[in-house]
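Visitor: One file: data.tsv (TSV, C-alpha atoms).
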```tsv
chain	number	residue	atom	x	y	z
B	128	PRO	CA	-0.87	2.01	-18.20
B	129	THR	CA	1.43	5.01	-18.16
B	130	GLU	CA	-0.30	6.56	-15.15
B	131	ASP	CA	0.39	3.41	-13.09
B	132	ILE	CA	4.08	3.60	-13.94
B	133	LEU	CA	4.10	7.32	-13.13
B	134	PHE	CA	2.37	6.69	-9.79
B	135	SER	CA	4.77	3.85	-8.95
B	136	VAL	CA	7.71	6.27	-9.34
B	137	VAL	CA	6.28	9.57	-8.06
B	138	PHE	CA	4.51	8.27	-4.93
B	139	PRO	CA	7.54	6.40	-3.50
B	140	PHE	CA	9.72	9.43	-4.32
B	141	TYR	CA	7.23	11.67	-2.51
B	142	LEU	CA	7.30	9.35	0.55
B	143	CYS	CA	11.10	9.46	0.61
B	144	LEU	CA	10.95	13.28	0.52
B	145	VAL	CA	8.34	13.29	3.30
B	146	ASN	CA	10.49	10.96	5.38
B	147	ARG	CA	13.54	13.16	4.85
B	148	PHE	CA	12.09	16.66	5.18
B	149	ARG	CA	9.06	16.19	7.44
B	150	PHE	CA	10.20	13.33	9.65
B	151	ASP	CA	13.99	13.87	9.56
B	152	ARG	CA	14.62	10.21	8.68
B	153	ASN	CA	13.08	9.14	11.99
B	154	LYS	CA	15.97	10.74	13.90
B	155	PRO	CA	14.28	10.94	17.35
B	156	SER	CA	13.48	7.21	17.30
B	157	VAL	CA	16.89	6.30	15.86
B	158	ASP	CA	18.60	8.37	18.58
B	159	CYS	CA	16.55	6.52	21.25
B	160	LYS	CA	17.46	3.23	19.54
B	161	LYS	CA	13.78	2.27	19.27
B	162	LYS	CA	13.20	-1.10	17.70
B	163	VAL	CA	11.30	-1.12	14.40
B	164	GLY	CA	8.14	-3.13	14.89
B	165	PRO	CA	5.65	-4.69	12.51
B	166	LEU	CA	3.05	-2.55	10.75
B	167	LEU	CA	0.26	-3.96	12.92
B	168	ARG	CA	1.46	-3.42	16.48
B	169	GLU	CA	-1.57	-4.72	18.39
B	170	GLY	CA	-3.77	-7.73	17.76
B	171	ARG	CA	-1.27	-9.88	15.87
B	172	GLY	CA	-2.78	-13.17	17.01
B	173	VAL	CA	-3.04	-16.50	15.25
B	174	PHE	CA	-5.83	-15.25	12.97
B	175	PHE	CA	-3.72	-12.40	11.63
B	176	SER	CA	-0.56	-14.44	11.19
B	177	ARG	CA	-2.08	-17.47	9.56
B	178	ASN	CA	-5.30	-16.39	7.89
B	179	TYR	CA	-5.17	-12.69	7.04
B	180	LEU	CA	-1.70	-12.73	5.52
B	181	THR	CA	-2.37	-16.01	3.71
B	182	VAL	CA	-5.60	-14.72	2.16
B	183	TYR	CA	-3.97	-11.51	0.92
B	184	SER	CA	-0.78	-13.09	-0.37
B	185	THR	CA	-2.74	-15.82	-2.13
B	186	GLY	CA	-5.78	-13.92	-3.38
B	187	GLY	CA	-4.11	-10.58	-3.97
B	188	PHE	CA	-0.80	-11.69	-5.45
B	189	LEU	CA	-0.24	-15.40	-6.15
B	190	LEU	CA	-3.56	-16.12	-7.91
B	191	PRO	CA	-3.36	-13.00	-10.13
B	192	LEU	CA	0.25	-13.95	-10.95
B	193	LEU	CA	-0.81	-17.50	-11.83
B	194	PHE	CA	-3.67	-16.06	-13.89
B	195	GLN	CA	-1.15	-13.95	-15.83
B	196	ILE	CA	0.83	-17.08	-16.63
B	197	VAL	CA	-1.91	-19.55	-17.59
B	198	ALA	CA	-4.87	-17.49	-18.85
B	199	PRO	CA	-5.25	-16.32	-22.45
B	200	ARG	CA	-3.84	-12.84	-23.01
B	201	GLN	CA	-7.26	-11.21	-23.42
B	202	ALA	CA	-8.44	-12.55	-20.06
B	203	ALA	CA	-5.16	-11.87	-18.23
B	204	LEU	CA	-4.43	-8.35	-19.48
B	205	PRO	CA	-6.90	-6.41	-17.24
B	206	SER	CA	-5.35	-7.86	-14.06
B	207	ALA	CA	-1.80	-6.81	-15.01
B	208	PRO	CA	-1.97	-3.25	-13.55
B	209	HIS	CA	-3.16	-4.62	-10.19
B	210	LEU	CA	-0.33	-7.13	-10.14
B	211	TYR	CA	2.22	-4.46	-11.10
B	212	LEU	CA	1.02	-2.07	-8.37
B	213	THR	CA	1.02	-4.85	-5.77
B	214	THR	CA	4.59	-5.80	-6.71
B	215	VAL	CA	5.79	-2.19	-6.39
B	216	GLN	CA	3.96	-1.87	-3.08
B	217	ILE	CA	5.70	-4.99	-1.73
B	218	LEU	CA	9.07	-3.61	-2.82
B	219	MET	CA	8.35	-0.23	-1.23
B	220	GLU	CA	7.15	-1.83	2.03
B	221	THR	CA	10.38	-3.81	2.15
B	222	MET	CA	12.43	-0.66	1.54
B	223	THR	CA	10.69	1.27	4.36
B	224	ARG	CA	11.19	-1.36	7.07
B	225	GLY	CA	14.47	0.12	8.26
B	226	PRO	CA	14.89	2.25	11.38
B	227	LYS	CA	15.46	5.45	9.37
B	228	PHE	CA	11.92	5.46	7.97
B	229	HIS	CA	9.32	7.04	10.25
B	230	VAL	CA	6.18	4.98	10.90
B	231	LEU	CA	3.70	7.41	9.34
B	232	PRO	CA	5.26	7.54	5.85
B	233	ARG	CA	5.83	3.80	6.23
B	234	LEU	CA	2.10	3.34	6.84
B	235	LEU	CA	1.31	5.65	3.91
B	236	VAL	CA	2.84	3.05	1.56
B	237	PRO	CA	-0.05	0.55	1.83
B	238	ILE	CA	-2.64	3.31	2.29
B	239	GLY	CA	-1.51	5.15	-0.84
B	240	PHE	CA	-1.09	2.06	-2.99
B	241	ASN	CA	-4.44	0.66	-1.85
B	242	ALA	CA	-6.24	3.94	-2.53
B	243	TYR	CA	-4.69	4.19	-5.99
B	244	ARG	CA	-5.23	0.48	-6.72
B	245	ILE	CA	-9.02	0.82	-6.32
B	246	SER	CA	-9.26	2.48	-9.76
B	247	SER	CA	-7.27	-0.27	-11.48
B	248	LEU	CA	-9.41	-2.88	-9.70
B	249	HIS	CA	-12.53	-1.10	-10.94
B	250	VAL	CA	-11.23	-1.23	-14.54
B	251	TRP	CA	-10.32	-4.90	-14.11
B	252	LEU	CA	-13.75	-5.70	-12.65
B	253	MET	CA	-15.63	-3.85	-15.42
B	254	ASN	CA	-13.53	-5.50	-18.15
B	255	SER	CA	-14.06	-8.95	-16.68
B	256	TRP	CA	-17.81	-8.34	-16.37
B	257	LYS	CA	-17.91	-7.20	-20.00
B	258	GLN	CA	-16.16	-10.41	-21.08
B	259	VAL	CA	-18.63	-12.53	-19.08
B	260	SER	CA	-21.62	-10.70	-20.55
B	261	LEU	CA	-20.23	-11.18	-24.08
B	262	ARG	CA	-19.70	-14.88	-23.31
B	263	ASP	CA	-16.22	-14.52	-24.77
B	264	GLY	CA	-14.12	-17.47	-23.58
B	265	ILE	CA	-16.69	-18.08	-20.88
B	266	THR	CA	-14.59	-20.26	-18.52
B	267	TRP	CA	-11.66	-17.83	-18.44
B	268	SER	CA	-14.04	-14.87	-18.27
B	269	ILE	CA	-15.85	-16.28	-15.24
B	270	LEU	CA	-12.57	-17.08	-13.49
B	271	ASP	CA	-11.33	-13.56	-14.27
B	272	PHE	CA	-14.56	-12.04	-12.93
B	273	ILE	CA	-14.37	-14.08	-9.71
B	274	LEU	CA	-10.72	-13.09	-9.22
B	275	ALA	CA	-11.44	-9.40	-9.96
B	276	SER	CA	-14.47	-9.36	-7.61
B	277	THR	CA	-12.54	-11.08	-4.85
B	278	ASN	CA	-9.66	-8.62	-5.18
B	279	MET	CA	-12.01	-5.64	-5.14
B	280	VAL	CA	-13.57	-6.85	-1.88
B	281	LEU	CA	-10.19	-7.73	-0.34
B	282	TRP	CA	-8.47	-4.43	-1.14
B	283	VAL	CA	-11.45	-2.21	-0.29
B	284	TYR	CA	-11.68	-3.93	3.11
B	285	ASN	CA	-7.92	-3.66	3.54
B	286	LEU	CA	-7.96	0.09	2.90
B	287	PHE	CA	-11.13	1.26	4.64
B	288	ILE	CA	-11.24	-1.14	7.60
B	289	PHE	CA	-7.82	-2.66	8.28
B	290	LEU	CA	-5.48	0.21	7.41
B	291	LEU	CA	-7.56	3.28	8.24
B	292	LEU	CA	-9.52	2.02	11.24
B	293	ARG	CA	-7.21	-0.58	12.76
B	294	CYS	CA	-3.60	0.34	11.91
B	295	LEU	CA	-3.57	4.13	11.58
B	296	PRO	CA	-4.87	5.02	15.08
B	297	GLN	CA	-2.03	3.01	16.65
B	298	TYR	CA	0.53	5.40	15.14
B	299	LEU	CA	-0.92	8.73	16.28
B	300	ASP	CA	0.76	8.63	19.72
B	301	GLN	CA	3.67	11.11	19.67
B	302	VAL	CA	5.08	9.71	22.91
B	303	GLU	CA	5.42	6.27	21.35
B	304	PHE	CA	6.53	7.70	17.99
B	305	PRO	CA	8.39	10.97	18.64
B	306	ASP	CA	8.39	13.64	16.00
B	307	SER	CA	11.29	15.83	14.92
B	308	ASN	CA	11.31	19.52	15.75
B	309	ILE	CA	9.56	20.77	12.60
B	310	SER	CA	8.58	24.22	11.48
B	311	TRP	CA	6.69	25.27	8.37
B	312	ARG	CA	8.30	27.69	5.93
B	313	TRP	CA	5.60	30.11	4.69
B	314	GLN	CA	3.11	27.65	6.24
B	315	LEU	CA	3.64	25.46	3.16
B	316	LEU	CA	6.88	23.48	3.41
B	317	PRO	CA	8.23	21.55	6.42
B	318	TYR	CA	11.81	21.90	7.60
B	319	VAL	CA	13.72	20.48	10.55
B	320	ILE	CA	14.92	22.89	13.22
B	321	ARG	CA	18.36	21.70	14.33
B	322	ASP	CA	19.47	22.16	17.94
B	323	ASN	CA	22.84	23.87	18.17
```
What does this structure look like when you write it as structure tokens?
Guide:
Amino acid sequence: PTEDILFSVVFPFYLCLVNRFRFDRNKPSVDCKKKVGPLLREGRGVFFSRNYLTVYSTGGFLLPLLFQIVAPRQAALPSAPHLYLTTVQILMETMTRGPKFHVLPRLLVPIGFNAYRISSLHVWLMNSWKQVSLRDGITWSILDFILASTNMVLWVYNLFIFLLLRCLPQYLDQVEFPDSNISWRWQLLPYVIRDN
């Protein structure tokens, strides 16, 4: 849909502006030569490395991609927006991994895409349920419904538990992640105060 394309352009552009004008391209950390770490700083044990990432890459990306390739068009079409948004999110996460991207806008990439994706997952889930209830291509419809339901559970958990409760609090320490000297013009727009 057009709104997904618009979001996939406007939101990354907004994050780049935020990184530039609110976080000064991570200048304090770059000046200290701080190493860029992974998104999840604490608790990256065997479970996270092997299981969590495997489940999300398989269930959230590879299976919907395979479904797009092998399923009939009518069954595959509702999952396309989710797959598109996930692809753009992966590209944006890759782009923000550099040292000149502050951690908070970097973390806003998955938070923003996950929050926006919930509506496309809802549409996908409702369309797949409708196809199951109409008994239209019942095998593909059931597979589509299972995939849509699984993705809804995965991405809702990812947003409301993993990102907001586990990842976000780790990045609120200004000693660990120094902020630029920012002031607010008219209390509305951030700008960096440069030391002379």
Visitor: With all atoms listed in the file as the counted atoms, please give the residues lying no more than 10 Å from B:Arg321, apart from itself and same-chain residues fewer than 5 positions off, as a PyMOL selection string.
Guide: chain B and resi 307-309
Visitor: Between atom CA of B:Cys294 and atom CA of B:Pro208, what distance in Å does the model show, to one decimal?
Guide: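 Straight-line distance from atom CA of B:Cys294 to atom CA of B:Pro208 works out to 25.8 Å.
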Visitor: Can you list, as a ChimeraX atom specification, every protein, DNA or RNA residue that comes within 9 Å of stretch 231-236 of chain B when you count all atoms listed in the file, leaving out same-chain residues fewer than 6 positions away?
Guide: /B:138-139,142-143,145-146,150,166,216,219-220,223-224,290,294-295,298-299
Visitor: Up to 12 Å from (-12.9, -18.0, -13.8) in the file's coordinates: name the residues, counting only C-alpha atoms, as a list of chain:residue names.
Guide: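 Residues satisfying the cut-off, written out: B:Leu190, B:Pro191, B:Phe194, B:Val197, B:Ala198, B:Pro199, B:Ala202, B:Ala203, B:Ser255, B:Trp256, B:Gln258, B:Val259, B:Asp263, B:Gly264, B:Ile265, B:Thr266, B:Trp267, B:Ser268, B:Ile269, B:Leu270, B:Asp271, B:Phe272, B:Ile273, B:Leu274, B:Ala275, B:Ser276, B:Thr277.
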Visitor: So which residues fall inside 10 Å of (15.8, 14.2, 11.6) if we count all atoms listed in the file? Mind giving them as a list in words?
Guide: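 In the file's frame, the residues around the point are Asn146, Arg147, Phe148, Arg149, Phe150, Asp151, Arg152, Asn153, Lys154, Pro155, Ser156, Val157, Asp158, Lys227, His229, Asp306, Ser307, Asn308, Ile309, Tyr318, Val319, Ile320 and Arg321 of chain B.
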Visitor: Taking 4 positions as the minimum chain separation for residues in the same chain, which residues sit within 9 Å of B:Trp282 when counting all atoms listed in the file? Answer as a list of chain:residue names.
Guide: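 Here the answer would be B:Tyr183, B:Gly187, B:Asn241, B:Ala242, B:Arg244, B:Ile245, B:Leu248, B:Thr277, B:Asn278, B:Leu286, B:Phe287.
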Visitor: In Å, rounded to a single decimal, give me how far atom CA of B:Asp300 is from atom CA of B:Cys159.
Guide: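 Going from atom CA of B:Cys159 over to atom CA of B:Asp300 covers 16.0 Å.
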Visitor: So the first atom is atom CA of B:Lys161 and the second is atom CA of B:Leu218; what is the distance between them in Å, to one decimal place?
Guide: 23.3 Å
Visitor: Can you work out which one of B:Thr213, B:Gln195, B:Thr185, B:Gln201 has the shortest atom-to-atom distance to B:Ser247, counting all atoms listed in the file?
Guide: B:Thr213
Visitor: Find the residue from B:Val302, B:Ile217, B:Leu212, B:Ile238 that sits nearest to B:Glu130; use only C-alpha atoms when measuring.
Guide: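 Nearest to B:Glu130: B:Leu212.
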Visitor: With distances taken over only C-alpha atoms, which residue among B:His209, B:Tyr179, B:Phe228, B:Ile288 lies nearest B:Leu144?
Guide: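 So, comparing all the options, the nearest one is B:Phe228.
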